[in-house]
Amino acid sequence: MLVHLSIHNYAIVEHLDLELEGGMSVITGETGAGKSIMLDALGLTLGDRADSGVVRPGADKADILASFDISDIPEACAWLAERDLDNDGPCILRRVITAEGRSRAYINGSPCPQGDLKALGELLIDIHSQHEHQSLLKADTHRRLLDEFAGASDLARQVQLAAQRWRQTRQELERLSRAGDEQRARHQLLSYQLDELENLALGENELEQLEQEHKNLANAESLLAACRQVIDFCSESDAGNVLSALTASLNRLTAFHTQPGALAEAVNLLSSAQIQVEEAMGELNRFLDHFDADPERQQALEERLDSIYTLARKHRVQPNKLAELQQRLLDELEALNADDEAVERLTEELSAYERHYQEKAAELSRLRGEASDRLAGSVETEMQRLGMPGGRFSIQLHASQMDEPQQQGLEQVEFLVSANPGQPLKALAKVASGGELSRISLAIQVITAQTSRVPTLVFDEVDVGIGGPTAEVVGQLLRRLGQRGQVLTVTHLPQVAAQGHHHLFVHKERGTQETRTAVAKLQEAPRIEEIARMLGGVDLTEESLAHARKMVTSAQG
């Protein structure tokens, strides 16, 4: 329930603090006094769009705050708790709009997106405007009102979500299926290429070793001749060799028993050189002993290298990059295999989503079918009370012609009306005049509001175009709604105003510099005078006052 509304620097309102109560509160005042401005400001706290033009001239910002008692609204309590925005006191929605056009929103003092205000506001309050009957011409409105009346709004959202999931899954499955032919060809090519690479079985560092061995074999004769010549120079030449020279040199120097320091160092270096030359000769001899210049081995090496080079050219990579290529192809093949698995998984999911959709949609159809006659009968009764004797109202459920899941369910919902006796039922847009449509809209709003989970209902001049006895019926309907929750009604009709549990009078206060909107709570005599003014104009008479007093007394009785 809305318990407090605070408006600062909004339009012609400089400062307004309004305490609100349960039951039916009527809001009256002269045209232009600011009645609708109050509701527009309230709408901002509920997430409506705003611009800098709403800021009162001369002010830097407009600030609107609405406080709600949500102790009896478990959905709102759960919504706040899920977002860690709950507290022990009232729920406070606040909206600030700067003169530059910037907007800030708050829930219980915490900044929030404008969409959060709208989502929470839908759980707290429902506003019916004088222009809302235009939405009755839309099929979506028919379906929404029937679902709300049937208590199936949550189920309708589940059906919508199930249809969305089914469609998204099908689109993904179709995308993978369209790519299926290309993927199968690519899969075949990758498998063939990987078989070639696996059959090649190129080992780690094998290419470098093969190339080195092949180079050695290719230069075998020159290499062997060079090795033998070095051995001859160093150790085997009879004409003189390195080892003989080193040995003779050492013998010559070591013949002296006493050697100066520098000479001793020279002897050590020559001894080391002799040892190293001997070791080198040993390595060369071992190389010669084990060197195999087998022509068959050389041919095998050439064939192996040719296989490697040919495959590298085929894939346009360097031979030493074949291992990396093999890994890339393997990764791509695994991705294609994953897509195949995804197709199987998505196919199963699609079937599961369709089963879930059919289950929920069938349940929704059952609830719609049960509720349609009850809602149509209730609306028809109210239409006749609202000055349309003999009027008929029907709700038709047309089975969908589409085979695939639809977000609205298994059927289309259509409201049909016959405004006058003897006329056939037709679509609202084809038979109802503006005044008739307004009364039909009010009948539907009053009936559906009785089943609404929202405890606060606002009716903004929904009684436009209605007068006489019908206006009194409208007032009685709204008062009846106020007995089960909170109803705020902006009205110009005294018959409606007299039915209110509370009366708020919106008027202008004119100062020397500017005009401000103010709101007064009317009790007893002032209330009688306001209703009398609504009955007979500015000049109050004993007759109008007596009539107003009788209307209020009758309504309160």
# chains A, B, ... in the order shown; residues from 1 in each chain; ligands from 1

$ residues_around --residues "Lys360 (chain A)" --least-positions-apart "4" --cutoff "8 Å" --atoms "only C-alpha atoms" --output "list in words"
Leu155, Gln158, Val159, His356 and Leu364 of chain A

$ residues_around --residues "region 35-42 of chain A" --least-positions-apart "6" --cutoff "7 Å" --atoms "only C-alpha atoms" --output "list in words"
Ile27, Gly29, Ile64, Val490 and Val506 of chain A

$ write_last_selection --atoms "C-alpha atoms" --output "PDB file, in the first residue's frame"
ATOM      1  CA  ILE A  27      -8.792  13.134  -5.815  1.00  0.00           C
ATOM      2  CA  GLY A  29      -9.992  19.700  -8.146  1.00  0.00           C
ATOM      3  CA  ILE A  64      10.004  12.411  -5.939  1.00  0.00           C
ATOM      4  CA  VAL A 490      -8.949  11.046  -9.959  1.00  0.00           C
ATOM      5  CA  VAL A 506      -5.998  19.522  -5.319  1.00  0.00           C
TER       6      VAL A 506
END

$ atom_distance --atom1 "CA of His315 (chain A)" --atom2 "CA of Leu207 (chain A)"
16.9 Å

$ closest_residue --among "A:Arg228, A:Gly22, A:Glu363, A:Asn268" --to "Asp154 (chain A)" --atoms "only C-alpha atoms"
A:Glu363

$ select_by_dssp --residues "region 319-421 of chain A" --states "alpha helix (DSSP H)" --output "PyMOL selection string"
chain A and resi 322-385

$ closest_residue --among "A:Tyr10, A:Ala156, A:Ala273, A:Glu332" --to "Arg144 (chain A)" --atoms "only C-alpha atoms"
A:Ala156

$ closest_residue --among "A:Tyr309, A:Tyr357, A:Phe459, A:Phe68" --to "Leu202 (chain A)" --atoms "only C-alpha atoms"
A:Tyr309

$ select_by_dssp --residues "region 75-273 of chain A" --states "strand (DSSP E or B)" --output "compact mmCIF listing (two decimals) with N, CA, C and O atoms, in the first residue's frame"
# COMPACT_ATOMS: atom_id res chain seq x y z
N CYS A 91 9.09 0.25 2.09
CA CYS A 91 9.88 0.21 0.85
C CYS A 91 9.81 1.61 0.23
O CYS A 91 8.72 2.12 -0.04
N ILE A 92 10.96 2.22 -0.02
CA ILE A 92 11.02 3.60 -0.49
C ILE A 92 11.60 3.63 -1.89
O ILE A 92 12.75 3.21 -2.12
N LEU A 93 10.80 4.13 -2.83
CA LEU A 93 11.26 4.33 -4.21
C LEU A 93 11.48 5.82 -4.42
O LEU A 93 10.62 6.63 -4.06
N ARG A 94 12.61 6.17 -5.02
CA ARG A 94 12.94 7.58 -5.19
C ARG A 94 13.48 7.82 -6.59
O ARG A 94 14.20 6.99 -7.14
N ARG A 95 13.10 8.96 -7.13
CA ARG A 95 13.57 9.35 -8.46
C ARG A 95 14.00 10.81 -8.42
O ARG A 95 13.27 11.67 -7.93
N VAL A 96 15.19 11.07 -8.97
CA VAL A 96 15.72 12.43 -9.04
C VAL A 96 16.01 12.75 -10.49
O VAL A 96 16.72 11.99 -11.17
N ILE A 97 15.47 13.89 -10.98
CA ILE A 97 15.71 14.33 -12.36
C ILE A 97 16.32 15.72 -12.31
O ILE A 97 15.75 16.63 -11.70
N THR A 98 17.49 15.88 -12.89
CA THR A 98 18.17 17.18 -12.87
C THR A 98 17.67 18.06 -14.01
O THR A 98 17.08 17.60 -14.98
N SER A 103 18.91 11.46 -14.89
CA SER A 103 17.95 10.81 -14.00
C SER A 103 18.68 9.79 -13.12
O SER A 103 19.54 9.05 -13.59
N ARG A 104 18.30 9.78 -11.84
CA ARG A 104 18.85 8.79 -10.90
C ARG A 104 17.69 8.11 -10.17
O ARG A 104 16.70 8.77 -9.82
N ALA A 105 17.85 6.81 -9.94
CA ALA A 105 16.79 6.03 -9.28
C ALA A 105 17.37 5.35 -8.05
O ALA A 105 18.54 4.95 -8.03
N TYR A 106 16.52 5.21 -7.02
CA TYR A 106 16.95 4.58 -5.77
C TYR A 106 15.84 3.68 -5.24
O TYR A 106 14.65 3.99 -5.35
N ILE A 107 16.26 2.56 -4.66
CA ILE A 107 15.36 1.68 -3.92
C ILE A 107 15.93 1.52 -2.52
O ILE A 107 17.06 1.03 -2.36
N SER A 110 19.45 2.77 -2.08
CA SER A 110 20.52 2.23 -2.92
C SER A 110 20.27 2.60 -4.38
O SER A 110 19.15 2.41 -4.87
N PRO A 111 21.28 3.12 -5.08
CA PRO A 111 21.11 3.42 -6.51
C PRO A 111 20.73 2.16 -7.29
O PRO A 111 21.18 1.06 -6.96
N CYS A 112 19.90 2.32 -8.31
CA CYS A 112 19.45 1.17 -9.08
C CYS A 112 19.11 1.61 -10.50
O CYS A 112 18.89 2.79 -10.76
N ILE A 125 1.85 -1.45 -7.44
CA ILE A 125 0.77 -0.54 -7.80
C ILE A 125 0.39 -0.76 -9.26
O ILE A 125 1.23 -1.14 -10.08
N ASP A 126 -0.89 -0.55 -9.57
CA ASP A 126 -1.39 -0.72 -10.94
C ASP A 126 -2.16 0.54 -11.30
O ASP A 126 -3.14 0.89 -10.63
N ILE A 127 -1.72 1.24 -12.36
CA ILE A 127 -2.34 2.50 -12.75
C ILE A 127 -3.19 2.29 -13.99
O ILE A 127 -2.70 1.80 -15.01
N HIS A 128 -4.47 2.68 -13.91
CA HIS A 128 -5.40 2.62 -15.03
C HIS A 128 -5.70 4.05 -15.46
O HIS A 128 -6.20 4.84 -14.66
N SER A 129 -5.41 4.38 -16.71
CA SER A 129 -5.61 5.74 -17.18
C SER A 129 -6.83 5.84 -18.08
O SER A 129 -7.36 4.83 -18.55

$ closest_residue --among "A:Gln407, A:Ser67, A:Ser249, A:Asn9" --to "Pro90 (chain A)" --atoms "only C-alpha atoms"
A:Ser67

$ residues_around --residues "Gln476 (chain A)" --least-positions-apart "6" --cutoff "9 Å" --atoms "only C-alpha atoms" --output "ChimeraX atom specification"
/A:495-496,499,555

$ residues_around --residues "Ala362 (chain A)" --least-positions-apart "5" --cutoff "9 Å" --atoms "only C-alpha atoms" --output "PyMOL selection string"
chain A and resi 357+367+409-410

$ residues_around --residues "Leu136 (chain A)" --least-positions-apart "4" --cutoff "8 Å" --atoms "only C-alpha atoms" --output "NGL selection string"
:A and (132 or 141-142 or 428 or 441)
